[in-house]
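What follows is a set of notes on a single structure, which appears directly below.
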Amino acid sequence: MSAEREFKVVGVPRRRVDGRAKVTGQTRFADDIVLPRMLHCKLLRASVPHARIRGLDVSKAEAQPGVHLVLTGRDLPIEFGILPVSQDEEALCGEKVRYVGDPVAAVIANDELTAFEALDLIDVDYEPLRTIAAPVEALAHPEPRIHDYGEEGNIHKRASFEFGDVGQALADADRVFDDVFFFEGNTHLPIEQHASVAAVDPDGKLTLWSSTQTPHYVHRALAKVLQIPAAHIRVIACPNGGGFGGKSDIFNHEIVVCKAALELGRPVKICLTREEVFYCHRGRHPVQMRLRTGVKQDGTLTGMHLQTLVDGGAYGSYGVASLFYTGALQTVTYHYPRYKFEGCRVFTNKAPCGPKRGHGTPQPRFGQEVQLDKIAEALQIDPAELRLKIVEKPNTVTANYMRVGTIGLDRCIRAVVERSDWKNKHGKLAHGRGVGLACSSYLSGAGLPIYWNKMPHSGVQLKLDRSGGVTVFCGCTEIGQGSDDVLVTLVAEVLGLRTFDIRCVTGDTDLTPVDLGSYSSRVTLMMGNAAVQAAERARDLIASAVAAKLEVPAARLVFAEGRVFDAEDAGRGLTFREAVVVAEEAHGTLGTVGSYRPPKAPARYKGGGVGPSPAYSYSAAIVEVEVDPVTGWIHVPRVYIGHDIGRSLNPVLVRGQVEGGVYMGLGEALMEEQVYRRLPARLSGALVHKFPSMLEYKSPTSLDMPEVITDLIEDPDPNGPFGAKEVGQGPLLPIMPAVANAVYDAVGVRIDEVPVTPDKVVRALDEKAKGREGRVGPKAFPEVPWPEAMQVPPPWEGGDGRAINDPDRKRAAKLDEVPRP
């Protein structure tokens, strides 16, 4: 696995292993599952945003011909949730609804139309409660509480950490920049809608097929809510037609169809409408931010104080983690000797927010990168040169105890600067044209599982038999990102096979070892390391048997081109099939396992479990824009992006992920927003989605997609399989701030909020023409009752910002001595 190794499969551009099935329409998604005697389920959803359920009459629906069952909250009283600290959801609301779209009852009927019609026969008597529409209202109105848990009132969670004396750090600065930003929420918009099918097998055990990113967590929740042993439940994660985080929660419809299948003894299916997908949401949290950053005249950072106010919607979801993520990763990109973070997540009566691609990090990244541009302009430093000056050093521990390994960010910046001709464009193009730069970093998998345990985060099994066949089993989920291809690639590389020679079984809790799911860009590194371990163990078994037969040292054997042969005499060897036969004769039936658990994180303070990762990826992007100063219309002709991939396992897939991230980033930057409006009082006064369909919720089309010039920066990370790092989420993050910075370069106005839309550009230009500040964005940060900050000393001594692994330090701080609260 050294950098000098000659790879046969890794790094070779090729078709993904599931490509043929997808382009020929043979891939079976959840909605393609059809079983004999199957019934259909539809959910009655709340028409009011916040109310007690005074009465619920389902008798007319139950009497409707073709209806087999109506379920209500009484049938499923046990709460669930993805995080142990936020077990606040019900499969069907029992006493209270918290947003328009909350499920109240379920109808199971012969067909979808009958189920739909029966929904209209259910009578619900609501007692309306005050609607909490925004974070400022949640802070101002602790009653009525949306949930009875949480810190107080409608505050879900607050966090406050200070690493070193940030007040002194700001006092020591030559300049302090104080800015507020806003990032509007948006949703995932996968092509495939949510769908699930549940059935009881001939043994009386439950099987669920679902479009989920996290079959293991769904499996646990079903056991809890249905009160049946987990070993009697099978969850099969079907290939996803896009996930982006939107299918990584546990959803009420998954539980409802399982309950119905158990009650009726017949398969039950549900496929959500597109409008219902908007209700499920779990998308990007709206976040208001304040950043106070101290800098020296040469651009050196002295410290940062970041505050975030996070709109969580109606339920917890991954929200506690999302809150911490709004403050966790600022320090792994640039060097901040001192750092303070205060964050607050509140409940509101809107669809629950969750872990959309980037999981809490795009919002503060937007603020940080736009502020850096403001700093560069004020200090008269080129924005690229400023970032190169402050990039965090490799193999260090940050102020907030994130252990950073390889960093290719400087190479990413230099690549896009050279490719784009940045030096001759920034600040030098005609009015209406501009370029903007931004950078980012992201996890290669979260360092801790969602529920506390010391078990592996991913497991892989290999089965080999005398036919020469190899089957690899893993619980990971293919959500379109190419994880099946990664899994097969790594096994093929180790065993010297083609990817076509290996069968792949994934996402089945009965057949595969546990993998925690496809989220937080964890699959390549964690599943990949487990796969390499399993394959190397299989290779060693085969090598020992072949070595004995050929009478050569096992270390001299080469696995390549479907053969096992002597490195010193390539003609002396066996086909892979023959080698497996020899190994089976020597060892019996062949099977191996591999597993992976991340290294222990250096953080030893409460809250330090969010942010650590085995490796961090880095991206830099330059966006070109053309802005019409009359209409404010923004056209993006070209994007240059460099991504630190560690090592590219399949360049075709990597580039696809990078370009997909650019596409999604442009959508968030320019048009996407999940916003709400109140219906007129005569209709109900309900808080509803303003854009509840793909017709109204705008996202870029192929005609909007610019030319993307991609540089893959390879600096193999020792923690990744063959050095690989993530690419699923990192390339998205710099796009939004790069667009905002480019708009400023083009027409000289700041849009300090996302999305950057034409009306905001025109408004800012009008303000500038009147002699006022040419800016659109929040004016101030709301008053939040912050808790007293947890004081944590940075992991170095003397306060000079030198890392604990600096060999010149004689008295490096010991990580285990960091005080626990």
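All residue names refer to the structure tokens as shown: chains lettered A, B, ... in order, residues numbered from 1 in each chain, ligands numbered from 1 in order.
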
### Query
Got a sec: who's within 10 Å of segment 740-747 of chain A, counting only C-alpha atoms, leaving out chain neighbours fewer than 5 positions off, as number ranges by chain?
A: 366, 369-374, 425-438, 622-629, 632, 634, 636, 669-670, 735, 752-756, 761, 764-765, 774-775

At most 12 Å is the cut-off: for each residue in segment 410-475 of chain A with any atom that close to an atom of segment 311-321 of chain A, write down the nearest atom pair and the distance in Å rounded to one decimal, counting only C-alpha atoms, chain first then increasing number, as a Markdown table.
| residue | atom | partner | partner_atom | distance |
| --- | --- | --- | --- | --- |
| A:Ala446 | CA | A:Ala321 | CA | 10.5 |
| A:Leu448 | CA | A:Ala321 | CA | 11.1 |
| A:Pro449 | CA | A:Ala321 | CA | 11.4 |
| A:Ile450 | CA | A:Tyr318 | CA | 9.2 |
| A:Tyr451 | CA | A:Tyr318 | CA | 12.0 |

### Query
Which of segment 564-797 of chain A counts as strand (DSSP E or B) under DSSP, as an NGL selection string please?
:A and (564-566 or 569-575 or 590-596 or 616-627 or 634-646 or 676-678 or 687-689 or 707-714 or 750-751 or 753-754 or 775-776 or 790-792)

### Task
Please provide the set of residues having any atom within 12 Å of Arg220 of chain A, restricted to only C-alpha atoms, with same-chain residues fewer than 6 positions apart removed, written as an MDAnalysis selection string.
chainID A and resid 80:84 214 226:235 250 255 450:451 509 514 516

#### Entry: Per-residue DSSP, segment 710-792 of chain A, filtered to alpha helix (DSSP H), as a list in words
Ile735, Met736, Pro737, Ala738, Val739, Ala740, Asn741, Ala742, Val743, Tyr744, Asp745, Ala746, Val747, Pro758, Asp759, Lys760, Val761, Val762, Arg763, Ala764, Leu765, Asp766, Glu767, Lys768 and Ala769 of chain A

### Query
If we count only C-alpha atoms, what is near Ile713 of chain A at a cut-off of 7 Å, once residues fewer than 3 positions away on the same chain are taken out, given as number ranges by chain?
A: 408, 412, 642-645

Now that the selection is made, can you save its residues with N, CA, C and O atoms as a PDB file, in the first residue's frame?
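Everything below was put into selection.pdb:
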ATOM      1  N   GLY A 408      -4.109  19.042   1.349  1.00  0.00           N
ATOM      2  CA  GLY A 408      -3.731  19.438  -0.003  1.00  0.00           C
ATOM      3  C   GLY A 408      -4.351  20.755  -0.416  1.00  0.00           C
ATOM      4  O   GLY A 408      -4.424  21.051  -1.609  1.00  0.00           O
ATOM      5  N   CYS A 412      -4.608  22.816  -4.011  1.00  0.00           N
ATOM      6  CA  CYS A 412      -5.905  23.093  -4.639  1.00  0.00           C
ATOM      7  C   CYS A 412      -6.004  24.562  -5.030  1.00  0.00           C
ATOM      8  O   CYS A 412      -6.453  24.899  -6.144  1.00  0.00           O
ATOM      9  N   GLY A 642     -10.564  22.543  -7.486  1.00  0.00           N
ATOM     10  CA  GLY A 642      -9.540  21.570  -7.131  1.00  0.00           C
ATOM     11  C   GLY A 642      -9.955  20.866  -5.860  1.00  0.00           C
ATOM     12  O   GLY A 642     -10.369  21.512  -4.890  1.00  0.00           O
ATOM     13  N   HIS A 643      -9.865  19.543  -5.870  1.00  0.00           N
ATOM     14  CA  HIS A 643     -10.286  18.776  -4.698  1.00  0.00           C
ATOM     15  C   HIS A 643      -9.171  17.837  -4.259  1.00  0.00           C
ATOM     16  O   HIS A 643      -8.630  17.075  -5.068  1.00  0.00           O
ATOM     17  N   ASP A 644      -8.850  17.900  -2.979  1.00  0.00           N
ATOM     18  CA  ASP A 644      -7.852  17.027  -2.367  1.00  0.00           C
ATOM     19  C   ASP A 644      -8.509  15.693  -2.054  1.00  0.00           C
ATOM     20  O   ASP A 644      -9.183  15.549  -1.034  1.00  0.00           O
ATOM     21  N   ILE A 645      -8.321  14.715  -2.933  1.00  0.00           N
ATOM     22  CA  ILE A 645      -8.997  13.431  -2.839  1.00  0.00           C
ATOM     23  C   ILE A 645      -8.178  12.395  -2.080  1.00  0.00           C
ATOM     24  O   ILE A 645      -8.664  11.310  -1.766  1.00  0.00           O
TER      25      ILE A 645
END

### Query
Using only C-alpha atoms, which residues sit within 6 Å of segment 660-665 of chain A once same-chain residues fewer than 5 positions away are excluded, as a VMD selection string?
chain A and resid 731 to 732 735 to 736

Need the shell around Pro128 of chain A: protein/DNA/RNA residues with any atom at most 9 Å away, counting only C-alpha atoms. Skip same-chain ones fewer than 5 positions apart. Format as an mmCIF file with N, CA and C atoms, in the first residue's frame?
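Generated file (around-v7.cif):
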data_model
loop_
_atom_site.group_PDB
_atom_site.id
_atom_site.type_symbol
_atom_site.label_atom_id
_atom_site.label_comp_id
_atom_site.auth_asym_id
_atom_site.auth_seq_id
_atom_site.Cartn_x
_atom_site.Cartn_y
_atom_site.Cartn_z
ATOM 1 N N VAL A 48 -52.642 21.866 9.932
ATOM 2 C CA VAL A 48 -52.324 23.014 10.777
ATOM 3 C C VAL A 48 -50.918 22.828 11.324
ATOM 4 N N PRO A 49 -50.213 23.925 11.633
ATOM 5 C CA PRO A 49 -48.812 23.797 12.019
ATOM 6 C C PRO A 49 -48.566 23.429 13.477
ATOM 7 N N HIS A 50 -49.517 23.722 14.361
ATOM 8 C CA HIS A 50 -49.287 23.473 15.784
ATOM 9 C C HIS A 50 -50.642 23.361 16.469
ATOM 10 N N ALA A 51 -50.945 22.179 16.978
ATOM 11 C CA ALA A 51 -52.267 21.988 17.589
ATOM 12 C C ALA A 51 -52.293 20.706 18.403
ATOM 13 N N ARG A 52 -53.202 20.698 19.375
ATOM 14 C CA ARG A 52 -53.518 19.451 20.080
ATOM 15 C C ARG A 52 -54.610 18.721 19.291
ATOM 16 N N ILE A 53 -54.536 17.416 19.326
ATOM 17 C CA ILE A 53 -55.572 16.611 18.665
ATOM 18 C C ILE A 53 -56.654 16.328 19.701
#

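Atom CA of Gly242 of chain A is positioned 24.0 Å from atom CA of Glu112 of chain A.
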
### Distance query Ala686 of chain A at most 9 Å, only C-alpha atoms, self and fewer than 5 positions along chain excluded, as JSON, numbers by chain
{"A": [47, 48, 49, 50, 99, 100, 131, 677, 678, 679, 680, 681]}

Please produce an output containing all heavy atoms for each residue in the selection, written as a JSON list (two decimals), in the first residue's frame.
[["chain", "number", "residue", "atom", "x", "y", "z"],
["A", 47, "SER", "N", -53.07, 19.54, 8.69],
["A", 47, "SER", "CA", -53.30, 20.74, 7.88],
["A", 47, "SER", "C", -53.03, 22.01, 8.67],
["A", 47, "SER", "O", -53.18, 23.11, 8.14],
["A", 47, "SER", "CB", -54.75, 20.74, 7.38],
["A", 47, "SER", "OG", -55.65, 20.71, 8.49],
["A", 48, "VAL", "N", -52.64, 21.87, 9.93],
["A", 48, "VAL", "CA", -52.32, 23.01, 10.78],
["A", 48, "VAL", "C", -50.92, 22.83, 11.32],
["A", 48, "VAL", "O", -50.44, 21.70, 11.48],
["A", 48, "VAL", "CB", -53.34, 23.15, 11.94],
["A", 48, "VAL", "CG1", -54.71, 23.49, 11.39],
["A", 48, "VAL", "CG2", -53.40, 21.89, 12.78],
["A", 49, "PRO", "N", -50.21, 23.92, 11.63],
["A", 49, "PRO", "CA", -48.81, 23.80, 12.02],
["A", 49, "PRO", "C", -48.57, 23.43, 13.48],
["A", 49, "PRO", "O", -47.51, 22.88, 13.80],
["A", 49, "PRO", "CB", -48.24, 25.18, 11.71],
["A", 49, "PRO", "CG", -49.40, 26.11, 11.84],
["A", 49, "PRO", "CD", -50.60, 25.33, 11.41],
["A", 50, "HIS", "N", -49.52, 23.72, 14.36],
["A", 50, "HIS", "CA", -49.29, 23.47, 15.78],
["A", 50, "HIS", "C", -50.64, 23.36, 16.47],
["A", 50, "HIS", "O", -51.41, 24.33, 16.52],
["A", 50, "HIS", "CB", -48.47, 24.61, 16.41],
["A", 50, "HIS", "CG", -47.83, 24.24, 17.71],
["A", 50, "HIS", "ND1", -47.30, 25.18, 18.58],
["A", 50, "HIS", "CD2", -47.60, 23.03, 18.30],
["A", 50, "HIS", "CE1", -46.78, 24.57, 19.63],
["A", 50, "HIS", "NE2", -46.95, 23.27, 19.48],
["A", 99, "TYR", "N", -46.22, 20.49, 12.74],
["A", 99, "TYR", "CA", -46.01, 21.23, 11.49],
["A", 99, "TYR", "C", -47.02, 20.72, 10.46],
["A", 99, "TYR", "O", -47.56, 19.62, 10.61],
["A", 99, "TYR", "CB", -44.58, 21.08, 10.97],
["A", 99, "TYR", "CG", -44.23, 19.72, 10.42],
["A", 99, "TYR", "CD1", -44.21, 19.47, 9.05],
["A", 99, "TYR", "CD2", -43.87, 18.66, 11.26],
["A", 99, "TYR", "CE1", -43.86, 18.23, 8.53],
["A", 99, "TYR", "CE2", -43.53, 17.41, 10.76],
["A", 99, "TYR", "CZ", -43.52, 17.21, 9.39],
["A", 99, "TYR", "OH", -43.20, 15.97, 8.88],
["A", 100, "VAL", "N", -47.27, 21.53, 9.46],
["A", 100, "VAL", "CA", -48.17, 21.11, 8.39],
["A", 100, "VAL", "C", -47.48, 19.96, 7.64],
["A", 100, "VAL", "O", -46.42, 20.14, 7.05],
["A", 100, "VAL", "CB", -48.48, 22.27, 7.43],
["A", 100, "VAL", "CG1", -49.22, 21.76, 6.20],
["A", 100, "VAL", "CG2", -49.29, 23.34, 8.14],
["A", 131, "THR", "N", -48.31, 29.42, 16.71],
["A", 131, "THR", "CA", -47.34, 28.95, 15.73],
["A", 131, "THR", "C", -46.01, 29.68, 15.93],
["A", 131, "THR", "O", -45.97, 30.91, 15.95],
["A", 131, "THR", "CB", -47.84, 29.20, 14.30],
["A", 131, "THR", "OG1", -49.07, 28.50, 14.11],
["A", 131, "THR", "CG2", -46.83, 28.73, 13.28],
["A", 677, "ARG", "N", -44.84, 30.34, 4.11],
["A", 677, "ARG", "CA", -45.74, 31.50, 4.14],
["A", 677, "ARG", "C", -46.97, 31.14, 4.94],
["A", 677, "ARG", "O", -47.32, 29.96, 5.08],
["A", 677, "ARG", "CB", -46.14, 31.91, 2.72],
["A", 677, "ARG", "CG", -46.97, 30.87, 1.97],
["A", 677, "ARG", "CD", -47.18, 31.27, 0.53],
["A", 677, "ARG", "NE", -47.93, 30.27, -0.22],
["A", 677, "ARG", "CZ", -49.23, 30.27, -0.40],
["A", 677, "ARG", "NH1", -49.96, 31.25, 0.15],
["A", 677, "ARG", "NH2", -49.85, 29.34, -1.09],
["A", 678, "ARG", "N", -47.62, 32.15, 5.46],
["A", 678, "ARG", "CA", -48.88, 31.92, 6.19],
["A", 678, "ARG", "C", -50.06, 32.03, 5.22],
["A", 678, "ARG", "O", -50.13, 32.96, 4.43],
["A", 678, "ARG", "CB", -49.05, 32.96, 7.30],
["A", 678, "ARG", "CG", -48.17, 32.72, 8.51],
["A", 678, "ARG", "CD", -48.61, 33.63, 9.64],
["A", 678, "ARG", "NE", -47.70, 33.60, 10.75],
["A", 678, "ARG", "CZ", -47.72, 32.69, 11.72],
["A", 678, "ARG", "NH1", -48.62, 31.73, 11.68],
["A", 678, "ARG", "NH2", -46.87, 32.74, 12.71],
["A", 679, "LEU", "N", -50.94, 31.05, 5.32],
["A", 679, "LEU", "CA", -52.18, 31.16, 4.55],
["A", 679, "LEU", "C", -53.05, 32.26, 5.16],
["A", 679, "LEU", "O", -52.94, 32.57, 6.36],
["A", 679, "LEU", "CB", -52.92, 29.83, 4.59],
["A", 679, "LEU", "CG", -52.26, 28.66, 3.85],
["A", 679, "LEU", "CD1", -53.08, 27.39, 4.06],
["A", 679, "LEU", "CD2", -52.11, 28.96, 2.37],
["A", 680, "PRO", "N", -53.92, 32.87, 4.36],
["A", 680, "PRO", "CA", -54.85, 33.87, 4.92],
["A", 680, "PRO", "C", -55.65, 33.26, 6.07],
["A", 680, "PRO", "O", -55.97, 32.07, 6.08],
["A", 680, "PRO", "CB", -55.74, 34.22, 3.73],
["A", 680, "PRO", "CG", -54.92, 33.86, 2.53],
["A", 680, "PRO", "CD", -54.09, 32.68, 2.93],
["A", 681, "ALA", "N", -56.01, 34.10, 7.01],
["A", 681, "ALA", "CA", -56.74, 33.63, 8.20],
["A", 681, "ALA", "C", -58.04, 32.94, 7.82],
["A", 681, "ALA", "O", -58.45, 31.97, 8.47],
["A", 681, "ALA", "CB", -57.01, 34.81, 9.13]]

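The nearest approach to Gly167 of chain A among the residues A:Thr524, A:Thr293, A:Thr308, A:Ser699, with only C-alpha atoms taken into account, belongs to A:Thr293.
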
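Between atom CA of Ala195 of chain A and atom CA of Met526 of chain A the interatomic distance comes to 27.3 Å.
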
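Among the candidates A:Phe7, A:Gly777, A:Ala221, A:Gly445, the residue lying nearest to Ala492 of chain A is A:Phe7 (atoms considered: only C-alpha atoms).
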
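Distances here use only C-alpha atoms; by that measure, the residue among A:Ile479, A:Ala260, A:Gly243, A:Ile191 closest to Ala106 of chain A is A:Ala260.
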